[in-house]
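Trainee: Dropping in target_33.cif, with mmCIF, C-alpha atoms.
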data_protein
#
loop_
_atom_site.label_atom_id
_atom_site.label_comp_id
_atom_site.auth_asym_id
_atom_site.auth_seq_id
_atom_site.Cartn_x
_atom_site.Cartn_y
_atom_site.Cartn_z
CA LEU A 51 -29.75 101.63 24.38
CA CYS A 52 -33.17 100.23 25.16
CA TYR A 53 -36.32 98.73 23.66
CA SER A 54 -38.03 102.05 24.50
CA THR A 55 -35.41 104.19 22.68
CA LEU A 56 -34.96 102.10 19.52
CA VAL A 57 -36.25 103.90 16.43
CA ARG A 58 -37.52 101.97 13.42
CA ARG A 59 -35.61 102.99 10.30
CA SER A 60 -38.87 104.00 8.62
CA ASP A 61 -39.55 106.47 11.49
CA VAL A 62 -36.13 108.19 11.52
CA ALA A 63 -37.23 110.90 9.07
CA LYS A 64 -39.94 112.03 11.52
CA LEU A 65 -37.36 112.90 14.22
CA ASP A 66 -35.21 115.97 14.75
CA PRO A 67 -31.60 115.04 13.76
CA ASP A 68 -30.37 116.22 17.21
CA ALA A 69 -32.78 113.87 18.99
CA TYR A 70 -31.16 110.58 17.97
CA ALA A 71 -27.81 108.93 17.29
CA LYS A 72 -26.87 106.23 14.79
CA SER A 73 -24.87 103.29 16.15
CA PRO A 74 -21.90 101.64 14.34
CA THR A 75 -24.33 98.92 13.16
CA GLY A 76 -26.62 101.51 11.52
CA ASP A 77 -29.36 101.14 14.15
CA VAL A 78 -30.92 104.32 15.53
CA PHE A 79 -31.63 105.17 19.18
CA VAL A 80 -32.92 108.41 20.66
CA LYS A 81 -30.46 110.28 22.90
CA THR A 82 -30.70 110.39 26.70
CA THR A 83 -31.62 114.08 26.47
CA THR A 84 -34.71 113.12 24.46
CA HIS A 85 -35.78 110.05 26.43
CA LYS A 86 -33.92 107.92 28.96
CA GLY A 87 -34.26 104.17 28.38
CA ILE A 88 -35.52 101.67 30.95
CA LEU A 89 -32.51 99.32 30.62
CA PRO A 90 -29.96 102.07 31.44
CA GLN A 91 -32.00 103.04 34.50
CA ILE A 92 -32.03 99.43 35.72
CA LEU A 93 -28.28 99.21 35.10
CA GLU A 94 -27.57 102.43 37.00
CA GLU A 95 -29.42 101.06 40.04
CA LEU A 96 -27.60 97.72 39.88
CA LEU A 97 -24.18 99.35 39.48
CA ALA A 98 -24.83 101.84 42.29
CA ALA A 99 -25.87 98.96 44.58
CA ARG A 100 -22.73 97.02 43.62
CA LYS A 101 -20.56 100.06 44.31
CA LYS A 102 -22.08 100.29 47.80
CA ALA A 103 -21.57 96.56 48.46
CA LYS A 104 -17.90 96.86 47.42
CA ALA A 105 -17.48 99.92 49.66
CA ASP A 106 -19.01 97.95 52.57
CA MET A 107 -16.54 95.13 51.86
CA LYS A 108 -13.63 97.56 51.88
CA ALA A 109 -14.83 99.17 55.14
CA GLU A 110 -15.18 95.76 56.80
CA LYS A 111 -11.71 94.67 55.68
CA ALA A 112 -10.19 97.92 57.01
CA LYS A 113 -11.41 97.19 60.56
CA PRO A 114 -8.95 95.97 63.22
CA LYS A 115 -8.50 92.18 63.34
CA GLU A 116 -10.58 91.74 66.52
CA GLU A 117 -13.54 93.70 65.02
CA PHE A 118 -13.43 92.12 61.54
CA ASP A 119 -16.55 90.01 60.83
CA ALA A 120 -15.77 87.30 58.24
CA LEU A 121 -19.47 86.47 57.76
CA LYS A 122 -20.40 90.09 57.02
CA TYR A 123 -17.48 90.32 54.58
CA ALA A 124 -18.64 87.13 52.81
CA VAL A 125 -22.23 88.47 52.59
CA TYR A 126 -21.04 91.77 51.04
CA ASP A 127 -18.83 89.82 48.62
CA GLY A 128 -21.73 87.54 47.66
CA ARG A 129 -23.96 90.58 47.16
CA GLN A 130 -21.52 92.42 44.88
CA LEU A 131 -20.96 89.24 42.81
CA ALA A 132 -24.72 88.69 42.45
CA LEU A 133 -25.17 92.32 41.37
CA LYS A 134 -22.29 91.93 38.91
CA VAL A 135 -23.96 88.89 37.29
CA SER A 136 -27.29 90.75 37.14
CA ALA A 137 -25.68 93.84 35.58
CA ASN A 138 -23.76 91.72 33.05
CA SER A 139 -27.02 90.01 32.07
CA VAL A 140 -29.02 93.16 31.31
CA TYR A 141 -27.65 93.58 27.78
CA GLY A 142 -26.73 89.89 27.56
CA PHE A 143 -30.35 88.73 27.47
CA THR A 144 -31.13 91.05 24.54
CA GLY A 145 -28.98 88.73 22.40
CA ALA A 146 -30.52 85.46 23.64
CA GLN A 147 -32.77 84.32 20.80
CA VAL A 148 -34.47 81.71 22.98
CA GLY A 149 -34.89 84.19 25.86
CA GLN A 150 -37.89 86.27 26.90
CA LEU A 151 -36.91 89.62 25.32
CA PRO A 152 -34.51 89.19 22.39
CA CYS A 153 -33.57 92.33 20.45
CA LEU A 154 -30.66 91.91 18.05
CA GLU A 155 -30.48 95.65 17.32
CA ILE A 156 -29.55 96.30 20.97
CA SER A 157 -27.16 93.35 21.44
CA SER A 158 -25.28 93.94 18.17
CA THR A 159 -25.01 97.68 18.95
CA VAL A 160 -23.55 96.96 22.42
CA THR A 161 -20.96 94.63 20.84
CA ALA A 162 -20.13 97.14 18.08
CA TYR A 163 -19.67 100.04 20.53
CA GLY A 164 -17.51 97.82 22.74
CA ARG A 165 -15.30 96.83 19.81
CA GLN A 166 -15.05 100.46 18.73
CA MET A 167 -13.94 101.55 22.21
CA ILE A 168 -11.37 98.73 22.45
CA GLU A 169 -9.93 99.81 19.07
CA SER A 170 -9.92 103.45 20.16
CA THR A 171 -8.13 102.52 23.42
CA LYS A 172 -5.48 100.53 21.54
CA GLN A 173 -4.88 103.39 19.10
CA GLN A 174 -4.65 106.05 21.82
CA VAL A 175 -2.29 104.00 24.02
CA GLU A 176 0.11 103.16 21.20
CA GLU A 177 0.05 106.73 19.82
CA GLN A 178 0.67 108.39 23.22
CA TYR A 179 2.94 106.03 25.18
CA ASN A 180 6.05 105.85 23.04
CA THR A 181 9.59 107.22 22.85
CA ARG A 182 8.43 110.06 20.55
CA HIS A 183 6.43 111.50 23.47
CA GLY A 184 9.29 111.22 25.96
CA TYR A 185 8.44 107.82 27.43
CA GLU A 186 11.22 105.27 27.93
CA TYR A 187 9.54 102.50 25.89
CA ASP A 188 6.97 102.03 23.13
CA ALA A 189 3.77 100.65 24.69
CA GLN A 190 2.02 97.79 22.94
CA VAL A 191 -1.53 96.46 23.40
CA VAL A 192 -0.96 92.69 23.51
CA TYR A 193 -4.53 91.53 24.14
CA GLY A 194 -8.05 92.92 23.93
CA ASP A 195 -11.27 91.25 24.99
CA THR A 196 -14.89 92.44 25.00
CA ASP A 197 -14.35 94.90 27.86
CA SER A 198 -10.63 95.03 28.60
CA VAL A 199 -7.18 95.61 27.14
CA MET A 200 -3.80 94.38 28.31
CA ILE A 201 -0.93 96.77 27.71
CA LYS A 202 2.77 96.01 27.74
CA PHE A 203 4.33 99.33 28.75
CA GLY A 204 7.83 97.88 28.37
CA THR A 205 9.15 99.00 31.74
CA PRO A 206 10.65 96.31 34.02
CA ASP A 207 9.44 98.31 37.07
CA LEU A 208 6.07 97.05 38.37
CA ALA A 209 5.24 100.27 40.26
CA GLU A 210 5.91 102.32 37.11
CA SER A 211 3.64 100.00 35.10
CA MET A 212 0.86 100.57 37.61
CA ARG A 213 1.37 104.35 37.49
CA LEU A 214 1.23 104.32 33.67
CA GLY A 215 -1.88 102.10 33.79
CA LEU A 216 -3.68 104.58 36.07
CA GLU A 217 -2.59 107.51 33.91
CA ALA A 218 -3.70 105.81 30.66
CA ALA A 219 -7.09 104.88 32.18
CA GLU A 220 -7.79 108.50 33.15
CA ARG A 221 -6.58 109.87 29.82
CA ILE A 222 -8.74 107.50 27.75
CA THR A 223 -11.83 107.78 30.01
CA ALA A 224 -11.85 111.51 29.20
CA THR A 225 -12.51 110.63 25.52
CA PHE A 226 -15.50 108.36 26.27
CA LEU A 227 -19.13 109.29 26.86
CA LYS A 228 -20.13 109.49 30.53
CA PRO A 229 -20.69 107.30 32.55
CA ILE A 230 -18.35 104.93 30.64
CA LYS A 231 -15.15 104.60 32.63
CA LEU A 232 -11.96 102.74 31.87
CA GLU A 233 -10.30 101.60 35.09
CA PHE A 234 -6.82 100.33 35.83
CA GLU A 235 -7.45 96.95 37.45
CA LYS A 236 -4.24 94.93 37.86
CA CYS A 237 -0.80 94.01 36.58
CA TYR A 238 0.16 90.57 35.33
CA PHE A 239 3.81 89.62 35.84
CA PRO A 240 5.08 87.22 34.68
CA PHE A 241 2.41 86.58 32.04
CA LEU A 242 1.85 83.50 29.85
CA LEU A 243 -0.62 84.18 27.04
CA MET A 244 -1.42 80.99 25.12
CA ASN A 245 -4.22 82.33 22.91
CA LYS A 246 -7.55 84.15 23.25
CA LYS A 247 -9.16 83.59 26.68
CA ARG A 248 -6.31 81.22 27.68
CA TYR A 249 -3.62 82.62 29.93
CA ALA A 250 -1.90 82.28 33.30
CA ALA A 251 -0.06 84.93 35.31
CA LEU A 252 0.74 86.28 38.75
CA LEU A 253 -1.76 89.03 39.55
CA TRP A 254 -0.53 92.20 41.31
CA THR A 255 -2.66 95.08 42.67
CA LYS A 256 0.20 96.41 44.86
CA PRO A 257 3.86 96.44 43.77
CA ASP A 258 5.28 94.82 46.91
CA LYS A 259 3.59 91.36 46.79
CA HIS A 260 1.54 89.41 44.24
CA ASP A 261 -2.09 88.68 45.18
CA TYR A 262 -2.46 85.21 43.61
CA MET A 263 -1.90 83.16 40.47
CA ASP A 264 -4.66 83.92 37.97
CA CYS A 265 -5.58 81.29 35.37
CA LYS A 266 -8.18 81.67 32.63
CA GLY A 267 -9.43 78.98 30.24
CA ILE A 268 -6.69 76.47 31.01
CA GLU A 269 -6.76 73.00 32.54
CA THR A 270 -6.46 74.14 36.18
CA VAL A 271 -9.86 75.83 36.01
CA ARG A 272 -11.69 73.73 33.41
CA ARG A 273 -14.07 71.12 34.80
CA ASP A 274 -13.79 68.60 31.95
CA ASN A 275 -10.39 67.20 33.00
CA CYS A 276 -9.25 64.64 35.53
CA GLN A 277 -7.57 65.71 38.77
CA LEU A 278 -4.13 64.61 37.53
CA VAL A 279 -4.19 67.09 34.62
CA LYS A 280 -5.25 69.92 36.94
CA ASP A 281 -2.53 69.07 39.49
CA VAL A 282 0.22 68.76 36.87
CA VAL A 283 -0.67 72.05 35.16
CA ASP A 284 -1.11 73.92 38.47
CA THR A 285 2.19 72.66 39.95
CA SER A 286 4.08 73.35 36.69
CA LEU A 287 2.70 76.89 36.47
CA ARG A 288 3.63 77.61 40.10
CA ALA A 289 7.19 76.42 39.44
CA ILE A 290 7.44 78.63 36.33
CA LEU A 291 5.61 81.77 37.51
CA ILE A 292 6.21 81.93 41.28
CA HIS A 293 9.56 80.14 41.70
CA LYS A 294 10.78 81.08 38.19
CA ASN A 295 12.26 77.60 37.77
CA PRO A 296 11.15 75.86 34.53
CA ASP A 297 13.57 72.97 35.17
CA THR A 298 11.60 72.00 38.30
CA ALA A 299 8.40 72.00 36.22
CA ILE A 300 9.98 69.77 33.55
CA ALA A 301 11.32 67.31 36.16
CA TYR A 302 7.91 67.17 37.89
CA VAL A 303 6.03 66.51 34.61
CA LYS A 304 8.51 63.75 33.63
CA ASN A 305 8.09 62.15 37.07
CA GLN A 306 4.27 62.19 36.75
CA ILE A 307 4.42 60.64 33.25
CA SER A 308 6.81 57.97 34.55
CA GLN A 309 4.42 57.11 37.43
CA LEU A 310 1.55 56.91 34.96
CA LEU A 311 3.43 54.56 32.60
CA MET A 312 4.54 52.31 35.50
CA ASN A 313 0.99 52.05 36.89
CA GLU A 314 2.01 53.76 40.13
CA MET A 315 -0.56 56.55 39.80
CA ASP A 316 -3.53 56.79 42.17
CA MET A 317 -6.49 55.76 39.97
CA SER A 318 -8.82 58.29 41.60
CA LYS A 319 -6.75 61.07 39.97
CA LEU A 320 -7.69 59.74 36.51
CA VAL A 321 -11.47 59.90 36.95
CA ILE A 322 -13.39 62.23 34.62
CA THR A 323 -16.92 63.10 35.72
CA LYS A 324 -19.55 63.71 33.08
CA ALA A 325 -23.31 64.09 33.25
CA LEU A 326 -25.55 61.67 31.37
CA THR A 327 -28.05 63.34 29.07
CA LYS A 328 -31.02 61.95 27.20
CA THR A 329 -30.49 61.09 23.54
CA ASN A 330 -33.03 62.41 21.03
#
Could you show the structure in this file as structure tokens?
Mentor:
Amino acid sequence: LCYSTLVRRSDVAKLDPDAYAKSPTGDVFVKTTTHKGILPQILEELLAARKKAKADMKAEKAKPKEEFDALKYAVYDGRQLALKVSANSVYGFTGAQVGQLPCLEISSTVTAYGRQMIESTKQQVEEQYNTRHGYEYDAQVVYGDTDSVMIKFGTPDLAESMRLGLEAAERITATFLKPIKLEFEKCYFPFLLMNKKRYAALLWTKPDKHDYMDCKGIETVRRDNCQLVKDVVDTSLRAILIHKNPDTAIAYVKNQISQLLMNEMDMSKLVITKALTKTN
């Protein structure tokens, strides 16, 4: 998908039917075999550079403690994050109407293909991973975003969940066009899903110990709240998710409300910082 491969609808009749493909939005682009776009070439370079930066990070982390260089590791991490932002922006700027190079045909096609692949993933997972095919539980896709799906495999065993995640990723990748790849990334357990883009969970990449508590779109990570709200939500979530003790969370929240009502709260925790902007 590129500015250089987009075909005007009036010009489609002039092309060989094997030379182009129609997207889910009805827009037409020539195939890679006919002409490779500039945007995909830029993306390939960015993604290859990010892959190398991540490999350098991994190699640095694998060194013995006395040889490990924290500064080098931080530089590699900063590089892969910068490359990630750049790669994410390549198709993002095609949808920015106030940007330098808007092209709605490209941005809407990217979104449509993404949605189509998410739907396909959901369908394949739920059709394959069920008791009819010899699995212990019926898998269920509980959440899908622009580029990811969260699957509840049903098993209480974390290691088994990870194995099924890896297996499902490989199985579904085989149905996608290269170089599109679905990767198993992590397990969330326990998992609190409030609504779209708002959840908290313990993140696991290895079955023996959780990596950290991951929060998205809730008060612990939002900048438009006072420190008290962040502290209360963070402490409550830790009590629920890590210590598995909701009663401790309830007692803590009640204590904080009591302090607030009795004017015993540190006033600095109630400050909300906002920027002043010019009025029209």
Trainee: Which is closer to A:Asp106 than all the others in A:His85, A:Lys236, A:Arg129, A:Arg248, using all atoms listed in the file?
Mentor: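 Going through A:His85, A:Lys236, A:Arg129, A:Arg248 one by one, the smallest distance to A:Asp106 is for A:Arg129.
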Trainee: Near stretch 77-79 of chain A, within 9 Å and counting all atoms listed in the file, which residues show up once chain neighbours fewer than 6 positions away are dropped, as an MDAnalysis selection string?
Mentor: chainID A and resid 51:52 54:59 62 69:71 155:156 159
Trainee: To one decimal in Å, tell me the separation between atom CA of A:Ile230 and atom CA of A:Cys153.
Mentor: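 Rounded to one decimal, the two atoms are 22.2 Å apart.
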Trainee: Give me the residues within 6 Å of stretch 197-211 of chain A as a list in words, counting only C-alpha atoms and dropping any in the same chain fewer than 6 places off.
Mentor: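 Counting only C-alpha atoms, the residues come to Tyr187, Ala189, Gln190, Val191 and Pro257 of chain A.
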Trainee: Could you please determine the separation between atom CA of A:Ala137 and atom CA of A:Leu216 in Å, to one decimal place?
Mentor: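 Between atom CA of A:Ala137 and atom CA of A:Leu216 the gap is 24.5 Å.
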Trainee: List the residues selected by the PyMOL selection byres ((chain A and resi 119-125) around 12) in the file shown, writing them as a tab-separated table (two decimals) with C-alpha atoms, keeping the file's coordinate frame.
Mentor:
chain	number	residue	atom	x	y	z
A	103	ALA	CA	-21.57	96.56	48.46
A	104	LYS	CA	-17.90	96.86	47.42
A	105	ALA	CA	-17.48	99.92	49.66
A	106	ASP	CA	-19.01	97.95	52.57
A	107	MET	CA	-16.54	95.13	51.86
A	108	LYS	CA	-13.63	97.56	51.88
A	109	ALA	CA	-14.83	99.17	55.14
A	110	GLU	CA	-15.18	95.76	56.80
A	111	LYS	CA	-11.71	94.67	55.68
A	112	ALA	CA	-10.19	97.92	57.01
A	113	LYS	CA	-11.41	97.19	60.56
A	114	PRO	CA	-8.95	95.97	63.22
A	115	LYS	CA	-8.50	92.18	63.34
A	116	GLU	CA	-10.58	91.74	66.52
A	117	GLU	CA	-13.54	93.70	65.02
A	118	PHE	CA	-13.43	92.12	61.54
A	126	TYR	CA	-21.04	91.77	51.04
A	127	ASP	CA	-18.83	89.82	48.62
A	128	GLY	CA	-21.73	87.54	47.66
A	129	ARG	CA	-23.96	90.58	47.16
A	130	GLN	CA	-21.52	92.42	44.88
A	131	LEU	CA	-20.96	89.24	42.81
A	132	ALA	CA	-24.72	88.69	42.45
Trainee: Between A:Leu65, A:Tyr193, A:Thr323, A:Asn305, single out the one closest to A:Asp274, counting all atoms listed in the file.
Mentor: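 For A:Asp274, the nearest of the given residues is A:Thr323.
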Trainee: If the PyMOL selection byres ((chain A and resi 196) around 10) were run on this exact file, what residues would it hold? Put them as a tab-separated table (two decimals) with C-alpha atoms, in the coordinates of the input.
Mentor:
chain	number	residue	atom	x	y	z
A	161	THR	CA	-20.96	94.63	20.84
A	162	ALA	CA	-20.13	97.14	18.08
A	164	GLY	CA	-17.51	97.82	22.74
A	165	ARG	CA	-15.30	96.83	19.81
A	167	MET	CA	-13.94	101.55	22.21
A	168	ILE	CA	-11.37	98.73	22.45
A	194	GLY	CA	-8.05	92.92	23.93
A	195	ASP	CA	-11.27	91.25	24.99
A	197	ASP	CA	-14.35	94.90	27.86
A	198	SER	CA	-10.63	95.03	28.60
A	199	VAL	CA	-7.18	95.61	27.14
Trainee: Rank A:Leu154, A:Leu291, A:Val279, A:Leu243 by their smallest atom-to-atom distance to A:His260, using only C-alpha atoms, and report the top residue only.
Mentor: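 Among the listed residues, A:Leu291 lies closest to A:His260.
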Trainee: For this structure, which residues satisfy the selection - the PyMOL selection byres ((chain A and resi 74) around 7) - when it is evaluated on the file as given? I want them as a PyMOL selection string.
Mentor: chain A and resi 72-73+75-76+159+162-163
Trainee: In Å, with one decimal, what is the gap from atom CA of A:Val135 to atom CA of A:Gln277?
Mentor: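 Atom-to-atom, atom CA of A:Val135 and atom CA of A:Gln277 are spaced 28.4 Å apart.
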Trainee: Find the residue from A:Val80, A:Gln309, A:Asp258, A:Met263 that sits nearest to A:Asp61; use all atoms listed in the file when measuring.
Mentor: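 Closest to A:Asp61 of all the choices is A:Val80.
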Trainee: For A:Leu320, please output as a CSV table (one decimal) with C-alpha atoms, in the frame of the given file all residues within 10 Å (counting only C-alpha atoms; exclusion window: fewer than 4 positions along the same chain).
Mentor:
chain,number,residue,atom,x,y,z
A,275,ASN,CA,-10.4,67.2,33.0
A,276,CYS,CA,-9.2,64.6,35.5
A,277,GLN,CA,-7.6,65.7,38.8
A,278,LEU,CA,-4.1,64.6,37.5
A,279,VAL,CA,-4.2,67.1,34.6
A,310,LEU,CA,1.6,56.9,35.0
A,315,MET,CA,-0.6,56.6,39.8
A,316,ASP,CA,-3.5,56.8,42.2
Trainee: Got a sec to check which residues sit within 12 Å of (4.4, 80.9, 40.5), counting all atoms listed in the file, and write them as a PyMOL selection string?
Mentor: chain A and resi 238-242+250-253+260-265+283-296+298-299
Trainee: From the set A:Val192, A:Leu326, A:Cys237, A:Leu232, which residue has the shortest atom-to-atom contact distance to A:Glu176, counting only C-alpha atoms?
Mentor: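 The shortest atom-to-atom distance to A:Glu176 comes from A:Val192.
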Trainee: Might I get the box with edges along x, y and z of the file that holds all atoms of stretch 302-318 of chain A listed there, padded by 8 Å on every side, given as centre and edge lengths in Å to one decimal, as JSON?
Mentor:
{"center_x": -0.2, "center_y": 59.6, "center_z": 37.4, "size_x": 33.3, "size_y": 31.1, "size_z": 25.6}
Trainee: May I ask you to restore all heavy atoms in stretch 210-220 of chain A and write the result as a tab-separated table (two decimals), in the frame of the given file?
Mentor:
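Output (rebuild.tsv):
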chain	number	residue	atom	x	y	z
A	210	GLU	N	6.02	101.39	38.24
A	210	GLU	CA	5.91	102.32	37.11
A	210	GLU	C	4.82	101.87	36.15
A	210	GLU	O	4.06	102.68	35.61
A	210	GLU	CB	7.27	102.41	36.40
A	210	GLU	CG	7.30	103.26	35.14
A	210	GLU	CD	7.03	104.75	35.37
A	210	GLU	OE1	6.87	105.19	36.53
A	210	GLU	OE2	6.96	105.49	34.37
A	211	SER	N	4.71	100.55	35.94
A	211	SER	CA	3.64	100.00	35.10
A	211	SER	C	2.27	100.37	35.64
A	211	SER	O	1.36	100.73	34.90
A	211	SER	CB	3.75	98.47	35.03
A	211	SER	OG	4.54	98.09	33.94
A	212	MET	N	2.14	100.24	36.96
A	212	MET	CA	0.86	100.57	37.61
A	212	MET	C	0.54	102.05	37.46
A	212	MET	O	-0.60	102.44	37.19
A	212	MET	CB	0.90	100.17	39.09
A	212	MET	CG	0.87	98.68	39.30
A	212	MET	SD	0.94	98.24	41.04
A	212	MET	CE	0.73	96.45	40.91
A	213	ARG	N	1.57	102.90	37.63
A	213	ARG	CA	1.37	104.35	37.49
A	213	ARG	C	0.93	104.69	36.06
A	213	ARG	O	-0.01	105.47	35.86
A	213	ARG	CB	2.68	105.07	37.83
A	213	ARG	CG	2.52	106.59	37.92
A	213	ARG	CD	3.86	107.30	37.95
A	213	ARG	NE	4.57	107.23	36.69
A	213	ARG	CZ	4.27	107.95	35.60
A	213	ARG	NH1	3.24	108.77	35.60
A	213	ARG	NH2	4.99	107.82	34.50
A	214	LEU	N	1.59	104.08	35.08
A	214	LEU	CA	1.23	104.32	33.67
A	214	LEU	C	-0.18	103.80	33.37
A	214	LEU	O	-0.93	104.41	32.61
A	214	LEU	CB	2.25	103.65	32.75
A	214	LEU	CG	3.64	104.30	32.70
A	214	LEU	CD1	4.63	103.40	31.97
A	214	LEU	CD2	3.58	105.67	32.03
A	215	GLY	N	-0.54	102.66	33.98
A	215	GLY	CA	-1.88	102.10	33.79
A	215	GLY	C	-2.96	103.04	34.30
A	215	GLY	O	-3.97	103.29	33.63
A	216	LEU	N	-2.74	103.61	35.49
A	216	LEU	CA	-3.68	104.58	36.07
A	216	LEU	C	-3.79	105.83	35.20
A	216	LEU	O	-4.87	106.34	34.94
A	216	LEU	CB	-3.23	104.97	37.49
A	216	LEU	CG	-3.49	103.95	38.59
A	216	LEU	CD1	-2.61	104.24	39.81
A	216	LEU	CD2	-4.96	103.95	38.99
A	217	GLU	N	-2.63	106.31	34.74
A	217	GLU	CA	-2.59	107.51	33.91
A	217	GLU	C	-3.33	107.28	32.59
A	217	GLU	O	-4.13	108.13	32.16
A	217	GLU	CB	-1.12	107.88	33.65
A	217	GLU	CG	-0.94	109.18	32.88
A	217	GLU	CD	0.50	109.38	32.41
A	217	GLU	OE1	1.40	109.39	33.28
A	217	GLU	OE2	0.72	109.53	31.19
A	218	ALA	N	-3.06	106.13	31.95
A	218	ALA	CA	-3.70	105.81	30.66
A	218	ALA	C	-5.21	105.68	30.83
A	218	ALA	O	-5.98	106.14	29.98
A	218	ALA	CB	-3.11	104.52	30.09
A	219	ALA	N	-5.65	105.06	31.93
A	219	ALA	CA	-7.09	104.88	32.18
A	219	ALA	C	-7.80	106.23	32.27
A	219	ALA	O	-8.85	106.43	31.68
A	219	ALA	CB	-7.30	104.08	33.45
A	220	GLU	N	-7.20	107.16	33.00
A	220	GLU	CA	-7.79	108.50	33.15
A	220	GLU	C	-7.82	109.25	31.82
A	220	GLU	O	-8.80	109.88	31.45
A	220	GLU	CB	-7.00	109.31	34.18
A	220	GLU	CG	-7.29	108.90	35.61
A	220	GLU	CD	-6.49	109.70	36.63
A	220	GLU	OE1	-5.99	110.79	36.27
A	220	GLU	OE2	-6.37	109.24	37.78
